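J.: I'm passing along data_12.tsv; it holds TSV, C-alpha atoms.
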```
chain	number	residue	atom	x	y	z
S	1	MET	CA	106.70	117.21	124.82
S	2	ALA	CA	106.77	120.37	122.69
S	3	GLU	CA	105.60	123.67	124.14
S	4	ARG	CA	104.72	126.77	122.11
S	5	VAL	CA	105.41	130.19	123.67
S	6	GLN	CA	105.61	133.78	122.56
S	7	ALA	CA	108.85	135.22	123.90
S	8	ILE	CA	111.39	138.03	123.66
S	9	VAL	CA	115.09	137.25	123.34
S	10	ILE	CA	116.89	138.89	126.27
S	11	LYS	CA	120.45	137.84	125.40
S	12	SER	CA	122.45	135.08	123.75
S	13	SER	CA	125.75	133.29	124.23
S	14	ASP	CA	127.84	130.88	122.17
S	15	LYS	CA	127.53	127.16	122.70
S	16	LYS	CA	129.75	124.76	120.79
S	17	GLU	CA	130.80	125.57	117.24
S	18	LYS	CA	127.43	126.21	115.61
S	19	ASP	CA	124.96	126.48	118.51
S	20	LYS	CA	123.68	129.38	120.57
S	21	ASN	CA	122.05	129.62	123.96
S	22	ILE	CA	119.33	132.27	124.22
S	23	LEU	CA	117.62	133.66	127.30
S	24	LEU	CA	113.92	133.96	126.55
S	25	PHE	CA	111.29	135.94	128.42
S	26	SER	CA	107.69	134.78	128.07
S	27	ILE	CA	104.45	135.18	129.98
S	28	GLU	CA	103.92	131.42	130.22
S	29	LYS	CA	107.37	130.31	131.35
S	30	GLY	CA	109.00	133.49	132.62
S	31	LYS	CA	112.73	133.66	131.85
S	32	PHE	CA	114.46	130.51	130.69
S	33	TRP	CA	117.46	129.40	128.64
S	34	ALA	CA	117.07	127.40	125.45
S	35	THR	CA	119.47	126.17	122.77
S	36	LEU	CA	119.37	126.97	119.07
S	37	LYS	CA	121.00	124.09	117.21
S	38	GLY	CA	123.19	124.92	114.21
S	39	VAL	CA	122.05	128.53	114.20
S	40	LYS	CA	125.51	129.92	113.35
S	41	SER	CA	125.51	128.14	110.01
S	42	ALA	CA	125.20	130.42	106.98
S	43	ASN	CA	121.81	129.06	105.92
S	44	ALA	CA	120.31	128.44	109.37
S	45	LYS	CA	116.51	128.74	109.30
S	46	MET	CA	116.29	130.20	112.82
S	47	LYS	CA	119.10	132.73	112.45
S	48	LEU	CA	116.91	135.65	113.52
S	49	ALA	CA	116.03	133.91	116.78
S	50	GLN	CA	119.51	134.49	118.23
S	51	SER	CA	119.22	138.29	118.18
S	52	PRO	CA	118.37	140.33	121.31
S	53	PHE	CA	115.01	142.18	121.12
S	54	CYS	CA	113.59	139.57	118.72
S	55	TYR	CA	109.96	138.77	119.55
S	56	GLY	CA	108.44	135.62	118.15
S	57	GLU	CA	106.74	132.31	118.65
S	58	PHE	CA	109.10	129.60	119.84
S	59	VAL	CA	108.49	125.87	120.02
S	60	VAL	CA	110.68	124.34	122.73
S	61	GLU	CA	111.23	120.76	123.81
S	62	ASN	CA	113.13	119.14	126.66
S	63	GLY	CA	116.50	117.73	125.58
S	64	LYS	CA	119.24	115.92	127.45
S	65	ALA	CA	121.01	119.21	128.20
S	66	GLY	CA	117.92	121.38	128.72
S	67	GLN	CA	115.40	123.20	126.54
S	68	ILE	CA	115.89	123.12	122.76
S	69	VAL	CA	114.17	125.41	120.24
S	70	THR	CA	112.77	123.23	117.48
S	71	SER	CA	110.78	125.87	115.61
S	72	PHE	CA	110.59	129.66	115.46
S	73	GLU	CA	108.42	132.24	113.72
S	74	ALA	CA	109.28	135.93	114.04
S	75	ILE	CA	106.55	138.37	115.05
S	76	GLU	CA	108.76	141.48	115.29
S	77	THR	CA	112.56	141.53	115.14
S	78	PHE	CA	113.08	145.22	116.01
S	79	HIS	CA	116.22	145.00	113.84
S	80	GLU	CA	116.13	148.77	113.17
S	81	ILE	CA	117.27	149.37	116.75
S	82	ALA	CA	120.77	148.19	115.85
S	83	ASP	CA	121.08	150.97	113.23
S	84	ASP	CA	121.03	153.75	115.85
S	85	ILE	CA	123.58	153.53	118.67
S	86	ASP	CA	121.47	155.61	121.08
S	87	LYS	CA	118.41	153.45	120.46
S	88	TYR	CA	120.51	150.32	120.84
S	89	PHE	CA	121.92	151.33	124.24
S	90	GLU	CA	118.46	152.35	125.44
S	91	ALA	CA	116.88	149.06	124.36
S	92	ILE	CA	119.72	146.95	125.79
S	93	ALA	CA	119.22	148.73	129.13
S	94	ILE	CA	115.59	147.56	129.16
S	95	LEU	CA	116.64	143.96	128.57
S	96	GLU	CA	119.32	144.29	131.27
S	97	ALA	CA	116.69	145.46	133.77
S	98	VAL	CA	114.39	142.53	132.93
S	99	ASN	CA	117.31	140.15	133.26
S	100	SER	CA	118.02	141.53	136.73
S	101	ILE	CA	114.65	140.96	138.39
S	102	GLU	CA	112.45	138.06	139.40
S	103	PHE	CA	108.68	138.21	139.27
S	104	SER	CA	106.47	137.41	142.26
S	105	THR	CA	103.29	136.65	140.30
S	106	ILE	CA	102.22	135.67	136.79
S	107	SER	CA	100.20	138.89	136.61
S	108	GLU	CA	103.33	140.95	137.32
S	109	ARG	CA	105.27	138.97	134.72
S	110	ALA	CA	102.57	139.53	132.11
S	111	SER	CA	102.44	143.25	132.82
S	112	VAL	CA	106.23	143.58	132.49
S	113	PHE	CA	106.17	141.54	129.26
S	114	VAL	CA	103.64	143.95	127.73
S	115	LEU	CA	105.65	146.91	129.07
S	116	VAL	CA	108.84	145.65	127.39
S	117	LEU	CA	107.07	145.31	124.04
S	118	LYS	CA	105.60	148.82	124.32
S	119	ALA	CA	109.01	150.26	125.18
S	120	LEU	CA	110.82	148.45	122.36
S	121	LYS	CA	108.19	149.58	119.86
S	122	ALA	CA	108.53	153.17	121.06
S	123	ILE	CA	112.32	153.03	120.74
S	124	CYS	CA	112.29	151.29	117.37
S	125	PHE	CA	109.49	153.11	115.58
S	126	GLY	CA	108.90	156.33	117.54
S	127	LYS	CA	110.62	159.66	116.99
S	128	ASN	CA	111.38	160.18	120.66
S	129	LYS	CA	114.22	162.11	122.24
S	130	ASN	CA	117.05	160.03	123.68
S	131	LEU	CA	116.29	158.37	127.05
S	132	TYR	CA	112.63	159.44	127.26
S	133	VAL	CA	111.46	155.86	126.65
S	134	LEU	CA	113.96	154.37	129.09
S	135	ASP	CA	112.88	156.77	131.84
S	136	LYS	CA	109.24	155.96	131.10
S	137	PHE	CA	110.01	152.23	131.21
S	138	PHE	CA	111.50	152.44	134.71
S	139	ILE	CA	108.63	154.61	135.96
S	140	GLU	CA	106.09	152.04	134.76
S	141	LEU	CA	108.18	149.13	136.03
S	142	PHE	CA	108.11	150.61	139.54
S	143	LYS	CA	104.32	150.95	139.34
S	144	ILE	CA	103.94	147.30	138.34
S	145	SER	CA	106.31	146.16	141.08
S	146	GLY	CA	104.44	148.15	143.74
S	147	PHE	CA	107.15	150.81	144.22
S	148	PRO	CA	105.74	153.93	142.49
S	149	LEU	CA	108.23	156.75	142.98
S	150	PHE	CA	106.09	159.71	141.99
S	151	SER	CA	103.81	161.39	144.50
S	152	GLU	CA	102.13	164.80	144.63
S	153	LYS	CA	102.92	165.03	148.35
S	154	CYS	CA	105.57	164.15	150.89
S	155	SER	CA	105.26	160.45	151.71
S	156	ALA	CA	106.02	161.16	155.39
S	157	CYS	CA	103.96	164.22	156.38
S	158	GLY	CA	101.66	164.70	153.39
S	159	ASN	CA	102.90	168.22	152.67
S	160	LYS	CA	102.17	169.26	149.07
S	161	ALA	CA	104.25	172.44	149.13
S	162	PHE	CA	107.63	171.09	148.03
S	163	ASP	CA	110.37	173.67	148.41
S	164	LYS	CA	113.09	171.09	148.04
S	165	ILE	CA	112.45	167.46	147.12
S	166	PHE	CA	114.41	164.46	148.36
S	167	VAL	CA	114.40	160.79	147.42
S	168	ASN	CA	114.39	158.25	150.24
S	169	TYR	CA	115.97	155.24	148.53
S	170	SER	CA	115.33	152.91	151.46
S	171	VAL	CA	111.60	153.01	150.67
S	172	GLY	CA	111.67	154.51	147.18
S	173	GLU	CA	109.57	157.54	148.06
S	174	LEU	CA	109.77	161.33	147.91
S	175	VAL	CA	109.99	163.44	151.06
S	176	CYS	CA	110.12	167.15	151.84
S	177	ALA	CA	112.96	169.03	153.51
S	178	SER	CA	111.31	168.79	156.93
S	179	CYS	CA	111.12	164.98	156.75
S	180	LYS	CA	114.47	164.18	155.18
S	181	THR	CA	116.88	161.87	156.97
S	182	PHE	CA	120.58	161.16	156.50
S	183	ASP	CA	119.99	158.53	153.82
S	184	VAL	CA	118.14	160.74	151.31
S	185	GLU	CA	119.32	162.56	148.22
S	186	GLU	CA	118.08	165.85	146.81
S	187	PHE	CA	115.98	165.48	143.68
S	188	PRO	CA	116.25	168.48	141.31
S	189	LYS	CA	112.92	170.06	140.44
S	190	THR	CA	113.56	169.70	136.71
S	191	ALA	CA	113.94	165.94	137.15
S	192	TYR	CA	110.86	165.87	139.41
S	193	LEU	CA	108.81	167.60	136.73
S	194	ALA	CA	110.18	165.18	134.11
S	195	LEU	CA	109.13	162.29	136.34
S	196	LYS	CA	105.64	163.75	136.65
S	197	VAL	CA	105.21	164.45	132.93
S	198	LEU	CA	106.61	161.11	131.74
S	199	GLY	CA	104.51	159.22	134.27
S	200	ASN	CA	101.35	160.78	132.86
S	201	THR	CA	102.22	160.37	129.16
S	202	ASP	CA	101.57	157.25	127.08
S	203	PHE	CA	104.44	155.69	125.15
S	204	GLU	CA	102.72	156.63	121.89
S	205	LYS	CA	102.79	160.33	122.81
S	206	LEU	CA	106.35	160.63	124.13
S	207	SER	CA	107.47	162.17	120.84
S	208	THR	CA	105.34	165.24	121.62
S	209	LEU	CA	107.28	166.03	124.81
S	210	LYS	CA	110.15	168.43	125.30
S	211	LEU	CA	111.60	168.19	128.81
S	212	ALA	CA	114.09	170.58	130.37
S	213	GLN	CA	117.54	169.96	128.90
S	214	GLY	CA	119.49	167.41	130.90
S	215	SER	CA	116.53	166.45	133.11
S	216	GLU	CA	116.18	163.06	131.40
S	217	ILE	CA	119.68	161.91	132.41
S	218	VAL	CA	119.33	163.24	135.98
S	219	LEU	CA	116.01	161.44	136.27
S	220	LEU	CA	117.49	158.24	134.85
S	221	ARG	CA	120.29	158.25	137.43
S	222	THR	CA	117.66	158.54	140.17
S	223	LEU	CA	115.51	155.77	138.69
S	224	VAL	CA	118.48	153.42	138.25
S	225	LYS	CA	119.66	154.00	141.81
S	226	ASP	CA	116.13	153.37	143.08
S	227	PHE	CA	115.99	150.18	140.99
S	228	GLU	CA	119.26	148.94	142.45
S	229	CYS	CA	118.08	149.67	146.00
S	230	HIS	CA	114.83	147.75	145.50
S	231	PHE	CA	116.19	144.80	143.54
S	232	ASP	CA	119.76	144.69	144.90
S	233	LYS	CA	121.25	144.59	141.42
S	234	ASN	CA	123.93	146.68	139.75
S	235	LEU	CA	122.73	147.59	136.28
S	236	LYS	CA	125.40	147.79	133.61
S	237	LEU	CA	123.87	150.39	131.35
S	238	MET	CA	126.50	150.43	128.63
S	239	GLY	CA	126.93	153.79	126.93
S	240	ILE	CA	124.36	155.62	129.07
S	241	LEU	CA	125.52	156.29	132.62
S	242	SER	CA	129.19	155.45	132.16
```
What do you get writing this file as structure tokens?

T.:
Amino acid sequence: MAERVQAIVIKSSDKKEKDKNILLFSIEKGKFWATLKGVKSANAKMKLAQSPFCYGEFVVENGKAGQIVTSFEAIETFHEIADDIDKYFEAIAILEAVNSIEFSTISERASVFVLVLKALKAICFGKNKNLYVLDKFFIELFKISGFPLFSEKCSACGNKAFDKIFVNYSVGELVCASCKTFDVEEFPKTAYLALKVLGNTDFEKLSTLKLAQGSEIVLLRTLVKDFECHFDKNLKLMGILS
């Protein structure tokens, strides 16, 4: 029986001489692998469907070896991302994060799906500074997952007068100097301010921001470490944190 879903291509891999396997992310089915038959042929009708970032409507059917894509119509390919190496690395990092987590509810899956589309659109079409969108993506992902990192006060004592700020990765929260334990890490104030500003700015308005120089990469390192603590995954953010 054929099933029609709107999905984003997370990644692809070769299968046989002319076929490709693609990992799709959809609201209806979550993440699942499907095969594109003959897609590596020069005149293949579904050639675009093998590309990461591609968002479209896929018709899939059960075959002997799993799901097979029988029809595809592109909604947005985001092909411009490949023309800018910084945008490409940033967008791939988003797909890597989605590939690394499982969703507990359909509502969470739907929220992350919408978040991914917003982030890819901001990277592809926005005039944003490097890494602003990726930082924003992780901030919003934590909110959806129930692990919001930002707080105006110490999560332990409620103190709002932060002299020094620390991240407690075991719970993914911020604490003050008085409440820090051995397993915390100091969080520079410039990165803290970047976290606050990005968390309160819509994707569409990120291009208007100008954060303290270097704060975006310091913040990203903190967000990635927090992600890995919560989801027990090592993110391979090619070209960004290496």

J.: Hey, what's within 10 Å of Val114 of chain S if we count all atoms listed in the file and toss same-chain stuff fewer than 5 positions away? As an MDAnalysis selection string, please?

T.: chainID S and resid 27 109 119

J.: When distances are computed from all atoms listed in the file, which of S:Glu17, S:Asp84, S:Glu204, S:Glu186 shows the smallest separation from Lys121 of chain S?

T.: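 Of the candidates, the smallest distance to Lys121 of chain S is held by S:Glu204.
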
J.: Any idea what's packed within 12 Å of segment 161-176 of chain S, counting all atoms listed in the file, ignoring anything in its chain fewer than 3 positions away? Could you give it as a CSV table (one decimal) with C-alpha atoms, keeping the file's coordinate frame?

T.:
```
chain,number,residue,atom,x,y,z
S,139,ILE,CA,108.6,154.6,136.0
S,142,PHE,CA,108.1,150.6,139.5
S,143,LYS,CA,104.3,151.0,139.3
S,145,SER,CA,106.3,146.2,141.1
S,146,GLY,CA,104.4,148.2,143.7
S,147,PHE,CA,107.2,150.8,144.2
S,148,PRO,CA,105.7,153.9,142.5
S,149,LEU,CA,108.2,156.8,143.0
S,150,PHE,CA,106.1,159.7,142.0
S,151,SER,CA,103.8,161.4,144.5
S,152,GLU,CA,102.1,164.8,144.6
S,153,LYS,CA,102.9,165.0,148.4
S,154,CYS,CA,105.6,164.2,150.9
S,155,SER,CA,105.3,160.4,151.7
S,156,ALA,CA,106.0,161.2,155.4
S,157,CYS,CA,104.0,164.2,156.4
S,158,GLY,CA,101.7,164.7,153.4
S,179,CYS,CA,111.1,165.0,156.8
S,180,LYS,CA,114.5,164.2,155.2
S,181,THR,CA,116.9,161.9,157.0
S,182,PHE,CA,120.6,161.2,156.5
S,183,ASP,CA,120.0,158.5,153.8
S,184,VAL,CA,118.1,160.7,151.3
S,185,GLU,CA,119.3,162.6,148.2
S,186,GLU,CA,118.1,165.8,146.8
S,187,PHE,CA,116.0,165.5,143.7
S,188,PRO,CA,116.2,168.5,141.3
S,189,LYS,CA,112.9,170.1,140.4
S,190,THR,CA,113.6,169.7,136.7
S,191,ALA,CA,113.9,165.9,137.2
S,192,TYR,CA,110.9,165.9,139.4
S,193,LEU,CA,108.8,167.6,136.7
S,195,LEU,CA,109.1,162.3,136.3
S,219,LEU,CA,116.0,161.4,136.3
S,221,ARG,CA,120.3,158.2,137.4
S,222,THR,CA,117.7,158.5,140.2
S,223,LEU,CA,115.5,155.8,138.7
S,224,VAL,CA,118.5,153.4,138.2
S,225,LYS,CA,119.7,154.0,141.8
S,226,ASP,CA,116.1,153.4,143.1
S,227,PHE,CA,116.0,150.2,141.0
S,228,GLU,CA,119.3,148.9,142.4
S,229,CYS,CA,118.1,149.7,146.0
S,230,HIS,CA,114.8,147.8,145.5
S,231,PHE,CA,116.2,144.8,143.5
S,232,ASP,CA,119.8,144.7,144.9
```

J.: Quote the spacing between atom CA of Ser51 of chain S and atom CA of Gly63 of chain S in Å to one decimal place.

T.: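 Separation of atom CA of Ser51 of chain S and atom CA of Gly63 of chain S: 22.0 Å.
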
J.: Report, in Å to a single decimal, how far apart atom CA of Leu24 of chain S and atom CA of Asn128 of chain S are.

T.: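 Pair atom CA of Asn128 of chain S / atom CA of Leu24 of chain S returns 27.0 Å.
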